[in-house]
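Step one of this worksheet: look at the structure below.
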Amino acid sequence: MEKNRIATLTLDDGRSIELPIMSGTLGPDVIDIRNLGKLGIFTYDPAFFSTASCTSAITFIDGDAGLLYYRGYPIEQLAEHSDFLEVCYLLLNGELPDGGQKAEFSRRVTSHTMVHDQMARFFSGFRRDAHPMAVMVGVVGALSAFYHDSLDISNPEHRDISALRMLAKVPTIAAMAHKYYIGAPFMYPKNKFGYAENLMYMMFATPAEDYIPNPVLVRALDRILILHADHEQNASTSTVRLAGSSGANPFACIASGIAALWGPAHGGANEAALNMLIEIGDVSRVKEYVQGVKDKKYRLMGFGHRVYKNMDPRAAVMRQTCYEVLKELKLENNKLFELAMELERVALSDPYFIDHKLYPNVDFYSGIVLRALGIPTNMFTVIFAVARTVGWISQWNEMIASGDHKISRPRQLYRGAVKRDYVPVKKR
């Protein structure tokens, strides 16, 4: 049994308080500061750099060692051997499914891929040039208006059916957002296809001709979904938990996560990395660009990470996936890929980038892969949202199921005006 450990905080006026030190199964210890309010003081931690906001058993990240585990399984193993729906089951249930459980889970998700027919009318309310993420926020949030038979968050069966519905319907909505943007007819899902295969079919097929998904490209998209399925308490996941703490329905919570993901500092990083490669333009400019980064003339996108201070474990998987896709499409001499490889080589041999721990992250290669798959840049973050939906709903469900969650209410350090009396407008 672990020995009780405490940290003692003593103020300059002599008052003190004992704070428990808590340990997880992995990662650093944390100091439980919930009783600090008894002293009339609070901690100050903008952007939550040093604050654990919850207890979770879903995802573990060690940024210094470059580790990412889903329920204890290294991301590299899952990306190589698993598929996205199996990973979804793992994140939702805590264990990998056996053959029967996997088949039943896949059947249940597949049975919910259609959306209510009236939802198609929602799209005509948006301008044709509306960004697909704007459409996603609105339409996913509107799901609660159609599926209000599963909104009792205290009922485990309702939470389960809501999870299945979101897993199944978010790809359908994503594909519809793409089709609406380009002015093409909606393609309804086909139950004979797998998860990633169905998404590609709905995005790229047309009623005029048959569509046969390429298994190499399908596997690449499936791997992208796995790599982005969850990432601990990031901005969008924390948003989902914050919204969920109020008792909001799960569809509204996921819509809030999509809104947070839309920010360029969060979900738009792969598009920014791709645009950087386009800006560099040619391998001959790589050394000059790298020097410009060191001189603060340019920004190096796709390198470094808020969490990872070592190699992003997803980056190597994405690099290999990039090679496989380009080889399948006979684009091995792809200019952007050659640029990316050379930029990575030059940067990782430069002491400046090594000292600053600026290693390639998953976004460095994912933009090239998505582009090669035929996915336009305005859909990059949408694909991210499709992948992250399972992480969001898993985190939300974990919080609700814990039974001891409270509505989140961060404190603040107030630096506004002190009390002052109102002066009538004629005397101001």
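The way I read the labels, and the way they are meant: chains A, B, ... in the order of the structure tokens, residue 1 as the first residue of every chain, and ligand 1 as the first ligand shown, with later ones counted on from there.
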Need to verify the contact set: stretch 261-268 of chain A, 12 Å, only C-alpha atoms, exclusion of same-chain residues closer than 5 positions in sequence. Can you return it as an mmCIF file with C-alpha atoms, in the first residue's frame?
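Written output follows (part_10.cif):
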data_model
loop_
_atom_site.group_PDB
_atom_site.id
_atom_site.type_symbol
_atom_site.label_atom_id
_atom_site.label_comp_id
_atom_site.auth_asym_id
_atom_site.auth_seq_id
_atom_site.Cartn_x
_atom_site.Cartn_y
_atom_site.Cartn_z
ATOM 1 C CA HIS A 131 -15.996 26.559 -44.493
ATOM 2 C CA PRO A 132 -16.733 22.859 -43.848
ATOM 3 C CA MET A 133 -15.739 23.278 -40.186
ATOM 4 C CA ALA A 134 -18.434 25.949 -39.761
ATOM 5 C CA VAL A 135 -20.924 23.477 -41.180
ATOM 6 C CA MET A 136 -19.641 20.725 -38.886
ATOM 7 C CA VAL A 137 -20.119 22.829 -35.755
ATOM 8 C CA HIS A 228 -5.487 11.356 -34.127
ATOM 9 C CA HIS A 231 -4.346 12.999 -27.255
ATOM 10 C CA ASN A 234 -5.672 18.997 -25.175
ATOM 11 C CA ALA A 235 -7.669 22.180 -25.858
ATOM 12 C CA SER A 236 -10.608 20.553 -27.637
ATOM 13 C CA THR A 237 -10.848 17.608 -25.238
ATOM 14 C CA SER A 238 -10.745 19.959 -22.272
ATOM 15 C CA THR A 239 -13.498 21.987 -23.958
ATOM 16 C CA VAL A 240 -15.652 18.870 -24.285
ATOM 17 C CA ILE A 254 -18.815 17.274 -29.289
ATOM 18 C CA ALA A 255 -19.835 20.371 -31.276
ATOM 19 C CA SER A 256 -17.940 22.474 -28.730
ATOM 20 C CA ALA A 273 2.982 22.703 -42.525
ATOM 21 C CA LEU A 274 1.824 21.933 -46.058
ATOM 22 C CA ASN A 275 1.616 25.635 -46.905
ATOM 23 C CA MET A 301 5.734 24.602 -39.147
ATOM 24 C CA GLY A 302 5.347 20.906 -38.356
ATOM 25 C CA HIS A 305 5.091 20.267 -30.069
ATOM 26 C CA ARG A 306 3.485 21.717 -26.960
ATOM 27 C CA VAL A 362 2.635 14.204 -36.971
ATOM 28 C CA ASP A 363 1.408 17.298 -38.833
ATOM 29 C CA PHE A 364 4.648 17.570 -40.805
ATOM 30 C CA SER A 366 -0.043 14.246 -42.581
ATOM 31 C CA GLY A 367 -0.804 17.207 -44.841
ATOM 32 C CA THR A 377 -6.988 21.604 -47.445
ATOM 33 C CA ASN A 378 -10.277 23.001 -46.131
ATOM 34 C CA MET A 379 -11.179 19.428 -45.130
ATOM 35 C CA PHE A 380 -7.950 18.669 -43.235
ATOM 36 C CA THR A 381 -9.334 19.783 -39.876
ATOM 37 C CA VAL A 382 -12.637 18.062 -40.615
ATOM 38 C CA ILE A 383 -10.810 14.737 -40.985
ATOM 39 C CA PHE A 384 -9.087 15.513 -37.684
ATOM 40 C CA ALA A 385 -12.531 16.040 -36.110
ATOM 41 C CA VAL A 386 -13.768 12.711 -37.480
ATOM 42 C CA ALA A 387 -10.796 10.972 -35.876
ATOM 43 C CA ARG A 388 -10.977 12.824 -32.561
ATOM 44 C CA THR A 389 -14.719 12.249 -32.068
ATOM 45 C CA TRP A 392 -13.918 13.267 -27.126
#
Please identify all polymer residues within 10 Å of A:Tyr365, counting only C-alpha atoms, omitting same-chain residues fewer than 4 positions from it, and present them as JSON, numbers by chain. {"A": [270, 273, 274, 302, 314, 315, 316, 317, 318, 319, 320, 321, 322, 323, 336, 337, 340, 341, 360, 361, 369, 370]}
Using C-alpha atoms, can you export the residues from the last selection as a CSV table (one decimal), in the first residue's frame?
chain,number,residue,atom,x,y,z
A,270,ASN,CA,-1.0,20.1,-40.9
A,273,ALA,CA,3.0,22.7,-42.5
A,274,LEU,CA,1.8,21.9,-46.1
A,302,GLY,CA,5.3,20.9,-38.4
A,314,ARG,CA,3.2,9.5,-34.5
A,315,ALA,CA,5.6,11.2,-36.9
A,316,ALA,CA,7.5,8.1,-37.9
A,317,VAL,CA,4.3,6.2,-38.6
A,318,MET,CA,3.0,9.1,-40.7
A,319,ARG,CA,6.3,9.4,-42.6
A,320,GLN,CA,6.1,5.6,-43.5
A,321,THR,CA,2.4,6.1,-44.5
A,322,CYS,CA,3.4,9.0,-46.7
A,323,TYR,CA,5.9,6.9,-48.5
A,336,LEU,CA,6.6,18.2,-51.5
A,337,PHE,CA,7.7,14.9,-50.1
A,340,ALA,CA,9.9,17.5,-46.5
A,341,MET,CA,12.6,14.8,-46.3
A,360,PRO,CA,9.0,16.7,-36.8
A,361,ASN,CA,5.5,16.1,-35.4
A,369,VAL,CA,-0.7,12.3,-47.2
A,370,LEU,CA,-4.2,14.0,-47.0
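The residues of stretch 67-159 of chain A that DSSP assigns to strand (DSSP E or B) on this backbone come out as Leu67, Leu68, Tyr69, Tyr70, Tyr73 and Pro74 of chain A.
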As a VMD selection string, please: the residues near stretch 199-206 of chain A (cut-off 10 Å, only C-alpha atoms, same-chain neighbours under 2 positions excluded). chain A and resid 170 to 179 184 to 190 193 to 197 208 to 214 217 to 218 221 to 222 373 to 375 383 386
Filtering to N, CA, C and O atoms, could you give me those residues as a compact mmCIF listing (two decimals), in the first residue's frame?
# COMPACT_ATOMS: atom_id res chain seq x y z
N VAL A 170 -20.76 11.30 -37.67
CA VAL A 170 -19.84 12.41 -37.93
C VAL A 170 -19.13 12.24 -39.28
O VAL A 170 -19.01 13.23 -40.03
N PRO A 171 -18.67 11.04 -39.67
CA PRO A 171 -18.10 10.90 -41.02
C PRO A 171 -19.10 11.21 -42.13
O PRO A 171 -18.74 11.81 -43.14
N THR A 172 -20.35 10.81 -41.94
CA THR A 172 -21.38 11.09 -42.94
C THR A 172 -21.59 12.60 -43.08
O THR A 172 -21.66 13.13 -44.20
N ILE A 173 -21.65 13.29 -41.96
CA ILE A 173 -21.81 14.75 -41.98
C ILE A 173 -20.60 15.42 -42.60
O ILE A 173 -20.72 16.38 -43.37
N ALA A 174 -19.41 14.90 -42.27
CA ALA A 174 -18.17 15.46 -42.83
C ALA A 174 -18.17 15.35 -44.36
O ALA A 174 -17.84 16.31 -45.07
N ALA A 175 -18.54 14.18 -44.87
CA ALA A 175 -18.58 13.98 -46.32
C ALA A 175 -19.64 14.87 -46.96
O ALA A 175 -19.43 15.43 -48.05
N MET A 176 -20.76 15.03 -46.29
CA MET A 176 -21.82 15.91 -46.81
C MET A 176 -21.35 17.36 -46.87
O MET A 176 -21.66 18.09 -47.81
N ALA A 177 -20.59 17.78 -45.85
CA ALA A 177 -20.06 19.15 -45.84
C ALA A 177 -19.13 19.37 -47.04
O ALA A 177 -19.14 20.43 -47.68
N HIS A 178 -18.31 18.35 -47.35
CA HIS A 178 -17.41 18.44 -48.51
C HIS A 178 -18.21 18.50 -49.81
O HIS A 178 -17.94 19.35 -50.67
N LYS A 179 -19.18 17.61 -49.95
CA LYS A 179 -19.97 17.57 -51.18
C LYS A 179 -20.75 18.87 -51.37
O LYS A 179 -20.86 19.38 -52.50
N ALA A 184 -21.53 19.08 -55.27
CA ALA A 184 -21.80 17.72 -55.77
C ALA A 184 -22.91 17.08 -54.94
O ALA A 184 -23.15 17.45 -53.79
N PRO A 185 -23.61 16.09 -55.50
CA PRO A 185 -24.69 15.42 -54.76
C PRO A 185 -24.15 14.61 -53.59
O PRO A 185 -23.04 14.08 -53.65
N PHE A 186 -24.94 14.53 -52.53
CA PHE A 186 -24.56 13.72 -51.38
C PHE A 186 -24.52 12.25 -51.78
O PHE A 186 -25.36 11.77 -52.55
N MET A 187 -23.56 11.53 -51.20
CA MET A 187 -23.48 10.08 -51.38
C MET A 187 -23.75 9.44 -50.03
O MET A 187 -23.02 9.68 -49.06
N TYR A 188 -24.80 8.66 -49.95
CA TYR A 188 -25.15 8.03 -48.68
C TYR A 188 -24.23 6.85 -48.40
O TYR A 188 -23.69 6.22 -49.33
N PRO A 189 -24.03 6.52 -47.13
CA PRO A 189 -23.08 5.45 -46.78
C PRO A 189 -23.51 4.09 -47.30
O PRO A 189 -24.71 3.83 -47.52
N LYS A 190 -22.53 3.23 -47.51
CA LYS A 190 -22.78 1.84 -47.90
C LYS A 190 -22.30 0.93 -46.78
O LYS A 190 -21.14 0.99 -46.38
N PHE A 193 -18.97 -1.30 -46.76
CA PHE A 193 -17.64 -0.72 -46.60
C PHE A 193 -17.25 -0.62 -45.13
O PHE A 193 -18.11 -0.48 -44.25
N GLY A 194 -15.95 -0.65 -44.89
CA GLY A 194 -15.43 -0.38 -43.56
C GLY A 194 -15.49 1.11 -43.26
O GLY A 194 -15.91 1.92 -44.10
N TYR A 195 -15.02 1.50 -42.09
CA TYR A 195 -15.18 2.87 -41.60
C TYR A 195 -14.47 3.89 -42.50
O TYR A 195 -15.10 4.80 -43.05
N ALA A 196 -13.15 3.75 -42.66
CA ALA A 196 -12.40 4.69 -43.50
C ALA A 196 -12.79 4.56 -44.96
O ALA A 196 -12.87 5.55 -45.69
N GLU A 197 -13.07 3.33 -45.38
CA GLU A 197 -13.48 3.06 -46.75
C GLU A 197 -14.79 3.79 -47.07
O GLU A 197 -14.95 4.40 -48.13
N ALA A 208 -22.71 8.93 -60.99
CA ALA A 208 -22.55 8.65 -62.42
C ALA A 208 -21.68 7.44 -62.71
O ALA A 208 -21.74 6.88 -63.82
N GLU A 209 -20.86 7.02 -61.76
CA GLU A 209 -19.97 5.90 -62.04
C GLU A 209 -19.63 5.16 -60.76
O GLU A 209 -19.81 5.67 -59.66
N ASP A 210 -19.14 3.95 -60.94
CA ASP A 210 -18.78 3.13 -59.79
C ASP A 210 -17.51 3.66 -59.13
O ASP A 210 -16.64 4.24 -59.79
N TYR A 211 -17.43 3.47 -57.83
CA TYR A 211 -16.24 3.88 -57.08
C TYR A 211 -15.68 2.67 -56.36
O TYR A 211 -16.39 1.99 -55.61
N ILE A 212 -14.42 2.38 -56.63
CA ILE A 212 -13.75 1.24 -55.99
C ILE A 212 -12.62 1.79 -55.13
O ILE A 212 -11.60 2.27 -55.66
N PRO A 213 -12.75 1.77 -53.82
CA PRO A 213 -11.70 2.30 -52.94
C PRO A 213 -10.39 1.53 -53.10
O PRO A 213 -10.38 0.30 -53.23
N ASN A 214 -9.30 2.26 -53.08
CA ASN A 214 -7.96 1.67 -53.15
C ASN A 214 -7.57 1.23 -51.74
O ASN A 214 -7.51 2.06 -50.83
N LEU A 217 -4.79 3.25 -49.98
CA LEU A 217 -5.22 4.59 -49.57
C LEU A 217 -6.20 4.51 -48.40
O LEU A 217 -6.17 5.36 -47.51
N VAL A 218 -7.05 3.51 -48.41
CA VAL A 218 -7.99 3.31 -47.29
C VAL A 218 -7.21 3.06 -46.01
O VAL A 218 -7.52 3.61 -44.95
N LEU A 221 -5.73 6.29 -44.67
CA LEU A 221 -6.70 7.13 -43.98
C LEU A 221 -7.06 6.51 -42.63
O LEU A 221 -7.19 7.23 -41.63
N ASP A 222 -7.20 5.20 -42.58
CA ASP A 222 -7.51 4.52 -41.33
C ASP A 222 -6.40 4.78 -40.30
O ASP A 222 -6.68 5.01 -39.12
N LEU A 373 -4.24 11.86 -50.97
CA LEU A 373 -5.50 11.11 -50.98
C LEU A 373 -6.61 11.85 -51.72
O LEU A 373 -7.69 11.29 -51.94
N GLY A 374 -6.35 13.11 -52.08
CA GLY A 374 -7.35 13.90 -52.79
C GLY A 374 -8.22 14.73 -51.88
O GLY A 374 -9.24 15.30 -52.33
N ILE A 375 -7.84 14.83 -50.62
CA ILE A 375 -8.63 15.61 -49.66
C ILE A 375 -8.17 17.05 -49.70
O ILE A 375 -6.99 17.34 -49.50
N ILE A 383 -11.28 16.12 -41.16
CA ILE A 383 -10.81 14.74 -40.99
C ILE A 383 -10.28 14.54 -39.57
O ILE A 383 -10.51 13.50 -38.93
N VAL A 386 -13.22 14.06 -37.35
CA VAL A 386 -13.77 12.71 -37.48
C VAL A 386 -12.98 11.74 -36.60
O VAL A 386 -13.54 10.92 -35.88
Pairwise distance, atom CA of A:Ala52 with atom CA of A:Gly247, equals 21.0 Å
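Residues of stretch 7-92 of chain A assigned to alpha helix (DSSP H) by DSSP on this structure's backbone: Ile75, Glu76, Gln77, Leu78, Ala79, Glu80, His81, Phe84, Leu85, Glu86, Val87, Cys88, Tyr89, Leu90, Leu91 and Leu92 of chain A.
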Name the residues in contact with A:Leu339 at a cut-off of 8 Å, using only C-alpha atoms, excluding same-chain residues fewer than 2 positions from it; report them as JSON, numbers by chain. {"A": [277, 281, 282, 283, 286, 335, 336, 337, 341, 342, 343]}
Keeping all heavy atoms for every residue in the selection just given, could you write it to a file as a short mmCIF file (atom, residue, chain, number, x, y, z; two decimals), in the first residue's frame?
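Generated output (out-v7.cif):
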data_model
loop_
_atom_site.label_atom_id
_atom_site.label_comp_id
_atom_site.auth_asym_id
_atom_site.auth_seq_id
_atom_site.Cartn_x
_atom_site.Cartn_y
_atom_site.Cartn_z
N LEU A 277 5.73 24.12 -46.91
CA LEU A 277 6.47 23.40 -47.95
C LEU A 277 6.21 24.01 -49.32
O LEU A 277 7.12 24.14 -50.15
CB LEU A 277 6.08 21.92 -47.93
CG LEU A 277 6.49 21.14 -46.68
CD1 LEU A 277 5.90 19.73 -46.72
CD2 LEU A 277 8.00 21.06 -46.54
N GLY A 281 9.04 25.77 -51.84
CA GLY A 281 8.98 25.60 -53.28
C GLY A 281 9.95 24.63 -53.91
O GLY A 281 9.59 23.90 -54.82
N ASP A 282 11.21 24.63 -53.46
CA ASP A 282 12.21 23.78 -54.10
C ASP A 282 13.26 23.35 -53.09
O ASP A 282 13.57 24.10 -52.15
CB ASP A 282 12.88 24.53 -55.26
CG ASP A 282 13.71 23.61 -56.13
OD1 ASP A 282 13.14 22.94 -57.02
OD2 ASP A 282 14.93 23.54 -55.90
N VAL A 283 13.80 22.15 -53.30
CA VAL A 283 14.82 21.62 -52.39
C VAL A 283 16.01 22.56 -52.27
O VAL A 283 16.63 22.67 -51.21
CB VAL A 283 15.28 20.22 -52.88
CG1 VAL A 283 16.46 19.73 -52.06
CG2 VAL A 283 14.14 19.22 -52.80
N VAL A 286 16.01 24.94 -49.22
CA VAL A 286 15.84 24.41 -47.86
C VAL A 286 16.85 25.03 -46.89
O VAL A 286 16.47 25.50 -45.80
CB VAL A 286 15.95 22.87 -47.85
CG1 VAL A 286 16.07 22.36 -46.41
CG2 VAL A 286 14.72 22.26 -48.51
N LYS A 335 7.30 16.32 -55.24
CA LYS A 335 8.15 17.46 -54.89
C LYS A 335 8.03 17.85 -53.42
O LYS A 335 9.03 18.13 -52.75
CB LYS A 335 7.78 18.65 -55.77
CG LYS A 335 8.76 19.80 -55.74
CD LYS A 335 8.39 20.84 -56.79
CE LYS A 335 9.43 21.96 -56.84
NZ LYS A 335 9.08 22.98 -57.86
N LEU A 336 6.80 17.84 -52.90
CA LEU A 336 6.62 18.22 -51.50
C LEU A 336 7.23 17.20 -50.56
O LEU A 336 7.78 17.56 -49.51
CB LEU A 336 5.12 18.40 -51.20
CG LEU A 336 4.43 19.58 -51.88
CD1 LEU A 336 2.95 19.61 -51.52
CD2 LEU A 336 5.09 20.89 -51.47
N PHE A 337 7.13 15.92 -50.92
CA PHE A 337 7.72 14.87 -50.07
C PHE A 337 9.24 14.99 -50.07
O PHE A 337 9.88 14.87 -49.02
CB PHE A 337 7.28 13.50 -50.58
CG PHE A 337 7.71 12.36 -49.69
CD1 PHE A 337 7.35 12.33 -48.36
CD2 PHE A 337 8.47 11.31 -50.20
CE1 PHE A 337 7.73 11.29 -47.53
CE2 PHE A 337 8.86 10.27 -49.39
CZ PHE A 337 8.48 10.25 -48.05
N MET A 341 11.50 15.64 -46.74
CA MET A 341 12.62 14.79 -46.34
C MET A 341 13.90 15.60 -46.19
O MET A 341 14.66 15.43 -45.23
CB MET A 341 12.82 13.68 -47.37
CG MET A 341 11.68 12.68 -47.43
SD MET A 341 11.59 11.62 -45.98
CE MET A 341 12.98 10.53 -46.29
N GLU A 342 14.14 16.52 -47.13
CA GLU A 342 15.35 17.33 -47.06
C GLU A 342 15.30 18.31 -45.89
O GLU A 342 16.30 18.51 -45.19
CB GLU A 342 15.55 18.08 -48.38
CG GLU A 342 16.77 18.99 -48.42
CD GLU A 342 18.10 18.26 -48.30
OE1 GLU A 342 18.11 17.01 -48.35
OE2 GLU A 342 19.15 18.94 -48.14
N LEU A 343 14.13 18.91 -45.67
CA LEU A 343 13.99 19.84 -44.55
C LEU A 343 14.19 19.11 -43.23
O LEU A 343 14.85 19.62 -42.32
CB LEU A 343 12.60 20.48 -44.59
CG LEU A 343 12.28 21.52 -43.50
CD1 LEU A 343 13.30 22.66 -43.53
CD2 LEU A 343 10.87 22.06 -43.68
#
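The two atoms in question, atom CA of A:Ala252 and atom CA of A:Ala145, are spaced 10.2 Å apart.
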Each residue of stretch 122-239 of chain A lying at most 8 Å from stretch 58-79 of chain A should get a row with its shortest atom-to-atom pair and the distance in Å to one decimal, counting only C-alpha atoms; could you produce that, ordered by chain and increasing number, as CSV?
residue,atom,partner,partner_atom,distance
A:Arg223,CA,A:Ala79,CA,5.7
A:Ile226,CA,A:Ala79,CA,6.3
A:Leu227,CA,A:Ala79,CA,6.9
A:Asp230,CA,A:Thr59,CA,7.0
A:His231,CA,A:Thr59,CA,6.5
A:Glu232,CA,A:Thr59,CA,5.3
Kindly export the residues of the current selection with N, CA and C atoms, as a PDB file, in the first residue's frame.
ATOM      1  N   ARG A 223      -5.161   4.769 -40.763  1.00  0.00           N
ATOM      2  CA  ARG A 223      -4.024   5.026 -39.862  1.00  0.00           C
ATOM      3  C   ARG A 223      -4.033   6.473 -39.371  1.00  0.00           C
ATOM      4  N   ILE A 226      -6.467   6.639 -36.590  1.00  0.00           N
ATOM      5  CA  ILE A 226      -5.918   6.034 -35.365  1.00  0.00           C
ATOM      6  C   ILE A 226      -4.979   7.006 -34.671  1.00  0.00           C
ATOM      7  N   LEU A 227      -4.079   7.622 -35.427  1.00  0.00           N
ATOM      8  CA  LEU A 227      -3.062   8.505 -34.845  1.00  0.00           C
ATOM      9  C   LEU A 227      -3.671   9.744 -34.195  1.00  0.00           C
ATOM     10  N   ASP A 230      -7.089  10.252 -30.054  1.00  0.00           N
ATOM     11  CA  ASP A 230      -7.118  10.906 -28.743  1.00  0.00           C
ATOM     12  C   ASP A 230      -5.720  11.430 -28.443  1.00  0.00           C
ATOM     13  N   HIS A 231      -5.658  12.441 -27.591  1.00  0.00           N
ATOM     14  CA  HIS A 231      -4.346  12.999 -27.255  1.00  0.00           C
ATOM     15  C   HIS A 231      -4.382  13.673 -25.888  1.00  0.00           C
ATOM     16  N   GLU A 232      -4.971  12.953 -24.943  1.00  0.00           N
ATOM     17  CA  GLU A 232      -5.018  13.409 -23.555  1.00  0.00           C
ATOM     18  C   GLU A 232      -5.825  14.705 -23.423  1.00  0.00           C
TER      19      GLU A 232
END
Just the residues within 7 Å of stretch 98-115 of chain A, please, counting only C-alpha atoms, with nothing from its chain fewer than 3 positions along; format it as a PDB file with N, CA and C atoms, in the first residue's frame.
ATOM      1  N   LEU A  85     -11.800   1.145 -35.976  1.00  0.00           N
ATOM      2  CA  LEU A  85     -12.932   0.748 -35.149  1.00  0.00           C
ATOM      3  C   LEU A  85     -12.504  -0.067 -33.945  1.00  0.00           C
ATOM      4  N   GLU A  86     -11.461  -0.873 -34.097  1.00  0.00           N
ATOM      5  CA  GLU A  86     -10.940  -1.616 -32.950  1.00  0.00           C
ATOM      6  C   GLU A  86     -10.371  -0.653 -31.910  1.00  0.00           C
ATOM      7  N   MET A 119     -32.041  16.290 -42.043  1.00  0.00           N
ATOM      8  CA  MET A 119     -30.777  16.974 -41.799  1.00  0.00           C
ATOM      9  C   MET A 119     -30.156  17.488 -43.084  1.00  0.00           C
ATOM     10  N   LEU A 164     -22.249   5.630 -30.139  1.00  0.00           N
ATOM     11  CA  LEU A 164     -22.331   4.926 -31.420  1.00  0.00           C
ATOM     12  C   LEU A 164     -22.841   5.848 -32.519  1.00  0.00           C
ATOM     13  N   ARG A 165     -23.856   6.642 -32.196  1.00  0.00           N
ATOM     14  CA  ARG A 165     -24.407   7.549 -33.195  1.00  0.00           C
ATOM     15  C   ARG A 165     -23.383   8.565 -33.661  1.00  0.00           C
ATOM     16  N   LEU A 167     -20.030   8.327 -33.513  1.00  0.00           N
ATOM     17  CA  LEU A 167     -18.985   7.646 -34.281  1.00  0.00           C
ATOM     18  C   LEU A 167     -19.442   7.390 -35.716  1.00  0.00           C
ATOM     19  N   ALA A 168     -20.693   7.008 -35.860  1.00  0.00           N
ATOM     20  CA  ALA A 168     -21.211   6.631 -37.171  1.00  0.00           C
ATOM     21  C   ALA A 168     -21.585   7.823 -38.036  1.00  0.00           C
ATOM     22  N   LYS A 169     -22.159   8.854 -37.430  1.00  0.00           N
ATOM     23  CA  LYS A 169     -22.747   9.947 -38.203  1.00  0.00           C
ATOM     24  C   LYS A 169     -21.790  11.097 -38.502  1.00  0.00           C
ATOM     25  N   THR A 172     -20.347  10.809 -41.941  1.00  0.00           N
ATOM     26  CA  THR A 172     -21.380  11.089 -42.941  1.00  0.00           C
ATOM     27  C   THR A 172     -21.587  12.595 -43.080  1.00  0.00           C
ATOM     28  N   PRO A 189     -24.034   6.525 -47.132  1.00  0.00           N
ATOM     29  CA  PRO A 189     -23.083   5.450 -46.776  1.00  0.00           C
ATOM     30  C   PRO A 189     -23.514   4.093 -47.298  1.00  0.00           C
ATOM     31  N   ASN A 191     -23.171   0.075 -46.295  1.00  0.00           N
ATOM     32  CA  ASN A 191     -22.837  -0.770 -45.158  1.00  0.00           C
ATOM     33  C   ASN A 191     -21.806  -1.849 -45.477  1.00  0.00           C
TER      34      ASN A 191
END
Find the residues near A:Asn4: any atom within 9 Å, counting only C-alpha atoms, skip ones fewer than 2 places away on the same chain, and give them as number ranges by chain. A: 2, 6, 20-22
